[in-house]
file coords34.txt (compact mmCIF, C-alpha atoms)
# COMPACT_ATOMS: atom_id res chain seq x y z
CA MET N 1478 107.35 94.66 95.26
CA LEU N 1479 105.34 97.85 94.94
CA GLY N 1480 105.34 100.54 92.30
CA GLU N 1481 105.57 104.19 93.33
CA ARG N 1482 101.79 104.70 93.25
CA GLN N 1483 101.13 101.59 95.29
CA LYS N 1484 103.92 102.52 97.70
CA ALA N 1485 102.39 105.96 98.21
CA ALA N 1486 99.00 104.44 98.94
CA ALA N 1487 100.47 101.94 101.42
CA THR N 1488 102.44 104.71 103.12
CA GLU N 1489 99.31 106.82 103.52
CA LEU N 1490 97.44 103.87 105.04
CA ALA N 1491 100.35 103.16 107.39
CA GLN N 1492 100.24 106.79 108.55
CA TRP N 1493 96.54 106.43 109.29
CA TRP N 1494 97.32 103.36 111.37
CA GLY N 1495 99.99 105.22 113.32
CA GLY N 1496 97.54 107.96 114.27
CA ILE N 1497 94.72 105.61 115.24
CA ARG N 1498 96.97 103.22 117.16
CA HIS N 1499 98.01 105.96 119.58
CA GLY N 1500 94.37 106.92 120.26
CA GLY N 1501 92.65 110.26 120.59
CA ILE N 1502 91.20 110.48 117.06
CA GLY N 1503 88.71 107.61 117.20
CA SER N 1504 88.26 105.02 114.47
CA HIS N 1505 88.29 105.74 110.73
CA ALA N 1506 87.66 104.03 107.40
CA VAL N 1507 89.91 104.71 104.40
CA LEU N 1508 88.74 103.71 100.93
CA LEU N 1509 91.41 102.52 98.50
CA ALA N 1510 89.73 103.20 95.15
CA GLY N 1511 91.08 102.10 91.80
CA PRO N 1512 90.16 100.12 88.69
CA PRO N 1513 90.42 96.31 88.71
CA GLY N 1514 94.03 95.29 88.17
CA TRP N 1515 95.47 98.51 89.64
CA GLY N 1516 97.16 96.62 92.46
CA ARG N 1517 94.75 97.19 95.35
CA SER N 1518 95.18 93.62 96.61
CA THR N 1519 98.95 93.98 96.31
CA VAL N 1520 98.84 97.08 98.51
CA LEU N 1521 96.68 95.31 101.10
CA ASP N 1522 99.02 92.31 101.06
CA GLN N 1523 102.02 94.54 101.72
CA LEU N 1524 100.35 96.88 104.23
CA PRO N 1525 101.18 94.91 107.42
CA GLU N 1526 104.85 94.78 106.40
CA MET N 1527 104.87 98.52 105.64
CA ILE N 1528 103.34 99.20 109.05
CA ALA N 1529 105.87 96.95 110.76
CA ARG N 1530 108.68 98.84 109.05
CA ALA N 1531 107.24 102.07 110.43
CA ASP N 1532 107.64 100.62 113.95
CA ALA N 1533 103.88 100.63 114.56
CA PRO N 1534 103.09 96.99 115.42
CA ILE N 1535 99.64 95.54 114.75
CA SER N 1536 98.19 93.47 117.57
CA LEU N 1537 94.92 92.56 115.88
CA VAL N 1538 94.34 92.11 112.13
CA VAL N 1539 91.06 91.05 110.52
CA ARG N 1540 91.08 90.43 106.77
CA ILE N 1541 87.93 89.93 104.72
CA ASP N 1542 87.96 88.95 101.03
CA GLY N 1543 84.76 90.09 99.36
CA ARG N 1544 85.16 87.67 96.46
CA SER N 1545 85.20 84.69 98.80
CA LEU N 1546 81.92 85.56 100.53
CA PRO N 1547 78.71 83.67 99.70
CA ASP N 1548 75.92 85.36 97.74
CA GLY N 1549 72.99 86.92 99.56
CA PRO N 1550 72.85 89.22 102.62
CA GLY N 1551 71.97 86.42 105.06
CA PRO N 1552 74.86 84.06 104.29
CA GLN N 1553 77.20 87.04 103.92
CA ALA N 1554 76.23 88.35 107.37
CA GLN N 1555 77.08 85.01 108.95
CA ALA N 1556 80.40 84.85 107.08
CA LEU N 1557 81.28 88.41 108.13
CA ARG N 1558 80.40 87.64 111.74
CA ASP N 1559 82.72 84.63 111.67
CA GLY N 1560 85.47 86.65 109.98
CA LEU N 1561 85.27 89.48 112.51
CA LEU N 1562 85.02 87.20 115.53
CA GLN N 1563 88.24 85.33 114.89
CA ALA N 1564 89.91 83.51 117.76
CA GLU N 1565 92.08 86.45 118.85
CA VAL N 1566 89.09 88.83 118.94
CA ARG N 1567 87.16 86.38 121.13
CA ARG N 1568 90.15 85.92 123.40
CA GLN N 1569 90.62 89.67 123.81
CA ALA N 1570 86.89 90.14 124.41
CA ALA N 1571 86.79 87.48 127.10
CA ALA N 1572 89.90 88.94 128.75
CA LEU N 1573 88.39 92.44 128.67
CA LEU N 1574 85.23 91.30 130.42
CA TRP N 1575 87.14 89.14 132.90
CA ARG N 1576 89.38 92.05 133.90
CA SER N 1577 86.34 94.29 134.24
CA ARG N 1578 84.61 91.85 136.59
CA GLN N 1579 87.78 91.11 138.56
CA ARG N 1580 88.43 94.77 139.26
CA GLY N 1581 84.78 95.48 140.00
CA ALA N 1582 84.65 98.41 137.61
CA THR N 1583 83.79 98.91 133.97
CA ARG N 1584 86.92 99.17 131.87
CA LEU N 1585 87.13 101.17 128.69
CA GLY N 1586 85.01 99.47 126.04
CA SER N 1587 83.55 96.69 128.20
CA ASP N 1588 80.11 98.30 128.55
CA ARG N 1589 79.71 98.34 124.75
CA LEU N 1590 80.86 94.74 124.59
CA ILE N 1591 78.14 93.60 126.97
CA MET N 1592 75.49 95.59 125.09
CA SER N 1593 76.63 94.21 121.74
CA GLY N 1594 74.49 91.13 122.31
CA MET N 1595 76.92 88.68 120.73
CA ALA N 1596 75.25 85.67 122.34
CA GLY N 1597 77.21 82.46 121.94
CA THR N 1598 80.53 84.01 120.89
CA ILE N 1599 82.25 84.00 124.26
CA SER N 1600 81.44 80.73 125.97
CA VAL N 1601 81.84 81.96 129.54
CA LEU N 1602 79.32 84.77 129.01
CA VAL N 1603 76.62 83.10 126.92
CA ALA N 1604 73.80 83.74 129.39
CA ALA N 1605 74.67 87.42 129.99
CA LEU N 1606 75.07 88.19 126.30
CA ALA N 1607 71.85 86.40 125.40
CA ALA N 1608 70.01 88.47 127.98
CA ALA N 1609 71.44 91.65 126.49
CA ALA N 1610 70.35 90.58 123.02
CA ALA N 1611 66.83 89.85 124.29
CA GLY N 1612 66.23 93.35 125.58
CA GLY N 1613 63.79 95.39 123.52
CA ALA N 1614 62.33 94.74 120.10
CA ALA N 1615 65.21 93.74 117.86
CA ASP N 1616 65.41 93.77 114.10
CA ASP N 1617 67.60 90.81 113.26
CA GLY N 1618 67.78 91.37 109.50
CA PRO N 1619 71.26 90.85 108.02
CA ALA N 1620 71.88 94.59 107.51
CA ALA N 1621 70.11 95.69 110.69
CA GLU N 1622 71.79 97.33 113.67
CA ASN N 1623 71.09 94.19 115.68
CA GLY N 1624 72.09 91.81 112.89
CA ALA N 1625 74.98 89.35 113.22
CA ALA N 1626 77.55 91.46 111.35
CA ALA N 1627 76.70 94.67 113.21
CA ARG N 1628 76.95 92.99 116.61
CA ALA N 1629 80.27 91.38 115.67
CA ALA N 1630 81.57 94.77 114.49
CA ARG N 1631 80.67 96.29 117.85
CA VAL N 1632 82.62 93.54 119.61
CA VAL N 1633 85.71 94.38 117.51
CA ALA N 1634 85.22 98.10 118.25
CA ALA N 1635 84.94 97.40 121.97
CA VAL N 1636 88.07 95.24 121.98
CA SER N 1637 89.99 97.90 120.02
CA ALA N 1638 89.78 100.31 122.95
CA SER N 1639 92.50 98.23 124.59
CA THR N 1640 93.89 96.40 121.51
CA PRO N 1641 93.90 98.52 118.30
CA ALA N 1642 92.50 96.64 115.31
CA LEU N 1643 93.19 96.79 111.58
CA VAL N 1644 90.26 95.54 109.48
CA VAL N 1645 91.13 95.04 105.80
CA ILE N 1646 88.34 94.42 103.27
CA ASP N 1647 89.52 93.44 99.79
CA ASP N 1648 87.05 93.72 96.89
CA ALA N 1649 84.52 95.35 99.22
CA ASP N 1650 82.06 95.93 96.36
CA TYR N 1651 81.25 92.20 96.43
CA LEU N 1652 79.55 92.72 99.81
CA ASP N 1653 75.84 93.51 99.97
CA PRO N 1654 75.93 97.36 100.10
CA GLY N 1655 73.54 97.75 103.03
CA LEU N 1656 75.28 95.04 105.01
CA ALA N 1657 78.72 96.52 104.29
CA VAL N 1658 77.65 100.03 105.34
CA THR N 1659 76.15 98.74 108.59
CA MET N 1660 79.23 96.67 109.44
CA ILE N 1661 81.76 99.43 108.66
CA GLU N 1662 79.79 102.10 110.50
CA ASN N 1663 79.56 99.91 113.60
CA LEU N 1664 83.33 99.40 113.43
CA ILE N 1665 84.15 103.12 113.38
CA ASP N 1666 81.38 105.08 115.11
CA GLN N 1667 82.77 105.10 118.68
CA ASP N 1668 85.04 107.87 119.95
CA ASP N 1669 87.04 105.64 122.30
CA SER N 1670 87.62 102.81 119.81
CA ARG N 1671 90.80 102.37 117.74
CA VAL N 1672 89.87 100.62 114.50
CA LEU N 1673 91.29 101.36 111.06
CA VAL N 1674 89.10 99.95 108.29
CA VAL N 1675 90.78 99.80 104.88
CA ALA N 1676 88.36 98.88 102.09
CA ALA N 1677 89.44 98.33 98.48
CA VAL N 1678 86.68 99.56 96.15
CA ASP N 1679 86.16 100.19 92.44
CA LEU N 1680 86.06 103.63 90.90
CA GLY N 1681 82.44 104.77 91.02
CA SER N 1682 81.69 102.30 93.83
CA ASP N 1683 78.14 102.48 95.21
CA LEU N 1684 79.46 101.38 98.59
CA ALA N 1685 82.04 104.18 98.64
CA ALA N 1686 79.37 106.72 97.63
CA ALA N 1687 77.04 105.53 100.40
CA LEU N 1688 79.73 105.60 103.09
CA THR N 1689 81.05 109.06 102.16
CA SER N 1690 77.54 110.50 101.85
CA ARG N 1691 76.47 109.19 105.26
CA ALA N 1692 79.74 110.40 106.79
CA LYS N 1693 78.66 114.00 106.19
CA TYR N 1694 76.47 113.75 109.29
CA GLY N 1695 75.67 111.45 112.19
CA PRO N 1696 78.02 109.25 114.24
CA THR N 1697 80.48 108.62 111.38
CA ALA N 1698 80.83 112.29 110.39
CA GLY N 1699 84.43 112.94 109.35
CA ARG N 1700 85.41 109.28 109.74
CA VAL N 1701 85.36 108.07 106.11
CA HIS N 1702 88.16 109.09 103.72
CA ARG N 1703 89.54 108.24 100.30
CA ALA N 1704 93.20 107.38 99.89
CA ASP N 1705 95.01 109.70 97.49
CA THR N 1706 95.67 107.38 94.55
CA ASP N 1707 96.35 107.89 90.85
CA PRO N 1708 93.97 105.53 89.02
CA ARG N 1709 95.52 105.87 85.54
CA MET N 1710 96.64 102.58 84.08
CA GLY N 1711 97.41 103.34 80.43
CA SER N 1712 100.37 102.11 78.38
CA ARG N 1713 102.69 104.83 79.64
CA SER N 1714 101.74 104.12 83.26
CA ARG N 1715 102.31 100.39 82.73
CA ALA N 1716 105.76 101.05 81.24
CA GLU N 1717 106.64 103.29 84.19
CA LEU N 1718 105.57 100.57 86.63
CA ALA N 1719 107.62 97.95 84.77
CA SER N 1720 110.69 100.20 85.03
CA GLU N 1721 110.07 100.80 88.74
CA LEU N 1722 109.76 97.09 89.49
CA SER N 1723 112.66 96.05 87.21
CA PRO N 1724 115.10 98.98 86.92
CA HIS N 1725 117.45 96.94 84.70
CA LEU N 1726 114.89 96.90 81.85
CA THR N 1727 115.73 99.19 78.95
CA PRO N 1728 113.05 101.73 77.95
CA ALA N 1729 112.30 99.61 74.87
CA GLU N 1730 111.85 96.48 77.00
CA ALA N 1731 109.58 98.31 79.41
CA GLN N 1732 107.48 99.61 76.51
CA ARG N 1733 107.27 96.12 75.03
CA LEU N 1734 106.09 94.72 78.36
CA ALA N 1735 103.50 97.50 78.59
CA ARG N 1736 102.14 96.55 75.14
CA GLN N 1737 101.91 92.89 76.17
CA THR N 1738 99.82 93.65 79.28
CA ARG N 1739 96.60 95.46 80.10
CA THR N 1740 96.70 96.05 83.85
CA PHE N 1741 99.14 96.77 86.66
CA ALA N 1742 98.34 93.32 88.08
CA GLU N 1743 99.71 91.74 84.89
CA ILE N 1744 102.84 93.87 85.21
CA PHE N 1745 103.31 92.65 88.80
CA ALA N 1746 102.88 89.05 87.66
CA ALA N 1747 105.18 89.42 84.64
CA THR N 1748 108.03 91.11 86.48
CA GLY N 1749 107.74 88.63 89.32
CA SER N 1750 107.80 85.46 87.23
CA ARG N 1751 109.51 85.99 83.88
CA PRO N 1752 113.28 85.62 83.44
CA LEU N 1753 114.64 89.12 83.06
CA PRO N 1754 117.97 90.23 81.54

call {"tool": "encode", "arguments": {"input": "coords34.txt", "output": "structure tokens"}}
result
Amino acid sequence: MLGERQKAAATELAQWWGGIRHGGIGSHAVLLAGPPGWGRSTVLDQLPEMIARADAPISLVVRIDGRSLPDGPGPQAQALRDGLLQAEVRRQAAALLWRSRQRGATRLGSDRLIMSGMAGTISVLVAALAAAAAGGAADDGPAAENGAAARAARVVAAVSASTPALVVIDDADYLDPGLAVTMIENLIDQDDSRVLVVAAVDLGSDLAAALTSRAKYGPTAGRVHRADTDPRMGSRSRAELASELSPHLTPAEAQRLARQTRTFAEIFAATGSRPLP
């Protein structure tokens, strides 16, 4: 169940997916900003279903939960690499390179895949990818352009040219800011890729500020956006949400539920679990 505000946010994100899936506009990142408990995770949970209802199927979904990541840029980079390079991404990458070699011509996105230097991620191409990674002086720091997360992001971007990808990052503020910026920018900075990154962030997020500031120029110019959400979560807003989720509640019951809770998340939990008249 979604309230009207959450539904509006999910609908906006689904519309972004529809545009990116058909190609021609490149990849984009949309920031879903709101206070803790607003229902950001609920929106992200429901987004694939909303997209499916809009008859815009998703072939490739990557979901990252910031809260579940280890502390420190190094361990986080490895976890993000593993999260991005899930089995389906590796399969699509191997198929893309195989088709390119079979046809004797570079297919859309395959040149970037080779240059991504993701040595060891596609077993049949270990030697070639290692050679690509060895070229030039590389900075292998976690947040560097040649770090594990950045290289994995470029693999996803390359694959998305033929298989559009939805990358969902819940609680993105738990990521190391520099590492998160590098990963997201490498996901969206190619014109021929088709990646939609949806990142749930807090109000006043440093990550959101960094991404939007950097998107005023350079390769990600015009590619970072904020979803149009209403962040208010006061007593009146909680009562309205309770009424939306449980229309059979009387105004007095909705007000009472609003007084007993502090966040939208508590409203979602209460209306989903308590016996209602």

call {"tool": "residues_around", "arguments": {"input": "coords34.txt", "residues": "range 1689-1698 of chain N", "least_positions_apart": "4", "cutoff": "7 Å", "atoms": "all atoms listed in the file", "output": "ChimeraX atom specification"}}
result
/N:1662,1665-1666,1685

call {"tool": "residues_around", "arguments": {"input": "coords34.txt", "residues": "range 1482-1493 of chain N", "least_positions_apart": "2", "cutoff": "7 Å", "atoms": "all atoms listed in the file", "output": "PyMOL selection string"}}
result
chain N and resi 1479-1480+1495-1497+1516+1520+1524+1527-1528+1704-1707

call {"tool": "atom_distance", "arguments": {"input": "coords34.txt", "atom1": "CA of Arg1530 in chain N", "atom2": "CA of Gly1699 in chain N"}}
result
28.1 Å

call {"tool": "closest_residue", "arguments": {"input": "coords34.txt", "among": "N:Glu1743, N:Val1672, N:Arg1703, N:Asp1683", "to": "Ile1502 in chain N", "atoms": "all atoms listed in the file"}}
result
N:Val1672

call {"tool": "residues_around", "arguments": {"input": "coords34.txt", "residues": "Thr1659 in chain N", "least_positions_apart": "4", "cutoff": "9 Å", "atoms": "all atoms listed in the file", "output": "list of chain:residue names"}}
result
N:Ala1620, N:Ala1621, N:Glu1622, N:Ala1626, N:Ala1627, N:Ala1630, N:Pro1654, N:Gly1655, N:Asn1663, N:Leu1664

call {"tool": "closest_residue", "arguments": {"input": "coords34.txt", "among": "N:Ser1670, N:Ser1637, N:Ala1687, N:Leu1509", "to": "Ala1570 in chain N", "atoms": "only C-alpha atoms"}}
result
N:Ser1637

call {"tool": "atom_distance", "arguments": {"input": "coords34.txt", "atom1": "CA of Leu1656 in chain N", "atom2": "CA of Arg1671 in chain N"}}
result
21.4 Å

call {"tool": "atom_distance", "arguments": {"input": "coords34.txt", "atom1": "CA of Ile1661 in chain N", "atom2": "CA of Glu1565 in chain N"}}
result
19.5 Å

call {"tool": "residues_around", "arguments": {"input": "coords34.txt", "residues": "Asp1650 in chain N", "least_positions_apart": "4", "cutoff": "8 Å", "atoms": "all atoms listed in the file", "output": "MDAnalysis selection string"}}
result
chainID N and resid 1543 1654 1678:1679 1682:1684

call {"tool": "residues_around", "arguments": {"input": "coords34.txt", "residues": "Ala1731 in chain N", "least_positions_apart": "2", "cutoff": "12 Å", "atoms": "all atoms listed in the file", "output": "list in words"}}
result
Ser1712, Arg1713, Ser1714, Arg1715, Ala1716, Glu1717, Leu1718, Ala1719, Ser1720, Glu1721, Leu1722, Ser1723, Pro1724, His1725, Leu1726, Thr1727, Pro1728, Ala1729, Arg1733, Leu1734, Ala1735, Arg1736, Gln1737, Thr1738, Ile1744, Ala1747, Thr1748, Leu1753 and Pro1754 of chain N

call {"tool": "closest_residue", "arguments": {"input": "coords34.txt", "among": "N:Ala1506, N:Met1478, N:Leu1643, N:Leu1557", "to": "Gly1624 in chain N", "atoms": "all atoms listed in the file"}}
result
N:Leu1557

call {"tool": "closest_residue", "arguments": {"input": "coords34.txt", "among": "N:Ala1571, N:Ala1564, N:Ile1541, N:Ala1657", "to": "Val1645 in chain N", "atoms": "only C-alpha atoms"}}
result
N:Ile1541

call {"tool": "closest_residue", "arguments": {"input": "coords34.txt", "among": "N:Ile1646, N:Asp1559, N:Leu1573, N:Ala1638", "to": "Asp1668 in chain N", "atoms": "all atoms listed in the file"}}
result
N:Ala1638

call {"tool": "residues_near_point", "arguments": {"input": "coords34.txt", "point": "(68.5, 89.3, 104.1)", "cutoff": "8 Å", "atoms": "only C-alpha atoms", "output": "number ranges by chain"}}
result
N: 1549-1551, 1618-1620

call {"tool": "build_atoms", "arguments": {"input": "coords34.txt", "residues": "range 1506-1535 of chain N", "atoms": "N, CA and C atoms", "output": "compact mmCIF listing (two decimals), in the frame of the given file"}}
result
# COMPACT_ATOMS: atom_id res chain seq x y z
N ALA N 1506 87.64 104.92 108.56
CA ALA N 1506 87.66 104.03 107.40
C ALA N 1506 88.32 104.78 106.24
N VAL N 1507 89.23 104.12 105.56
CA VAL N 1507 89.91 104.71 104.40
C VAL N 1507 89.63 103.83 103.20
N LEU N 1508 89.11 104.43 102.13
CA LEU N 1508 88.74 103.71 100.93
C LEU N 1508 89.88 103.78 99.92
N LEU N 1509 90.36 102.61 99.51
CA LEU N 1509 91.41 102.52 98.50
C LEU N 1509 90.72 102.25 97.16
N ALA N 1510 90.50 103.31 96.39
CA ALA N 1510 89.73 103.20 95.15
C ALA N 1510 90.65 103.12 93.95
N GLY N 1511 90.31 102.25 93.02
CA GLY N 1511 91.08 102.10 91.80
C GLY N 1511 90.41 101.09 90.89
N PRO N 1512 90.76 101.09 89.61
CA PRO N 1512 90.16 100.12 88.69
C PRO N 1512 90.68 98.71 88.96
N PRO N 1513 89.93 97.68 88.56
CA PRO N 1513 90.42 96.31 88.71
C PRO N 1513 91.78 96.14 88.03
N GLY N 1514 92.70 95.49 88.73
CA GLY N 1514 94.03 95.29 88.17
C GLY N 1514 95.01 96.39 88.52
N TRP N 1515 94.57 97.41 89.27
CA TRP N 1515 95.47 98.51 89.64
C TRP N 1515 96.53 98.08 90.65
N GLY N 1516 96.22 97.06 91.44
CA GLY N 1516 97.16 96.62 92.46
C GLY N 1516 96.65 96.84 93.87
N ARG N 1517 95.32 96.96 94.02
CA ARG N 1517 94.75 97.19 95.35
C ARG N 1517 95.06 96.01 96.28
N SER N 1518 94.90 94.79 95.78
CA SER N 1518 95.18 93.62 96.61
C SER N 1518 96.66 93.56 96.97
N THR N 1519 97.52 93.96 96.04
CA THR N 1519 98.95 93.98 96.31
C THR N 1519 99.27 94.94 97.45
N VAL N 1520 98.64 96.10 97.44
CA VAL N 1520 98.84 97.08 98.51
C VAL N 1520 98.38 96.50 99.85
N LEU N 1521 97.20 95.87 99.85
CA LEU N 1521 96.68 95.31 101.10
C LEU N 1521 97.56 94.18 101.60
N ASP N 1522 98.11 93.39 100.67
CA ASP N 1522 99.02 92.31 101.06
C ASP N 1522 100.28 92.85 101.74
N GLN N 1523 100.76 93.99 101.22
CA GLN N 1523 102.02 94.54 101.72
C GLN N 1523 101.84 95.46 102.92
N LEU N 1524 100.59 95.87 103.19
CA LEU N 1524 100.35 96.88 104.23
C LEU N 1524 100.89 96.47 105.60
N PRO N 1525 100.63 95.25 106.10
CA PRO N 1525 101.18 94.91 107.42
C PRO N 1525 102.71 95.03 107.49
N GLU N 1526 103.39 94.66 106.41
CA GLU N 1526 104.85 94.78 106.40
C GLU N 1526 105.28 96.25 106.42
N MET N 1527 104.56 97.09 105.65
CA MET N 1527 104.87 98.52 105.64
C MET N 1527 104.68 99.11 107.03
N ILE N 1528 103.61 98.70 107.70
CA ILE N 1528 103.34 99.20 109.05
C ILE N 1528 104.41 98.73 110.02
N ALA N 1529 104.82 97.47 109.89
CA ALA N 1529 105.87 96.95 110.76
C ALA N 1529 107.17 97.71 110.58
N ARG N 1530 107.46 98.08 109.32
CA ARG N 1530 108.68 98.84 109.05
C ARG N 1530 108.63 100.22 109.68
N ALA N 1531 107.41 100.75 109.83
CA ALA N 1531 107.24 102.07 110.43
C ALA N 1531 107.23 102.00 111.96
N ASP N 1532 107.57 100.83 112.51
CA ASP N 1532 107.64 100.62 113.95
C ASP N 1532 106.31 100.93 114.62
N ALA N 1533 105.22 100.45 113.99
CA ALA N 1533 103.88 100.63 114.56
C ALA N 1533 103.20 99.26 114.55
N PRO N 1534 103.57 98.38 115.47
CA PRO N 1534 103.09 96.99 115.42
C PRO N 1534 101.58 96.88 115.44
N ILE N 1535 101.07 95.82 114.79
CA ILE N 1535 99.64 95.54 114.75
C ILE N 1535 99.37 94.35 115.66
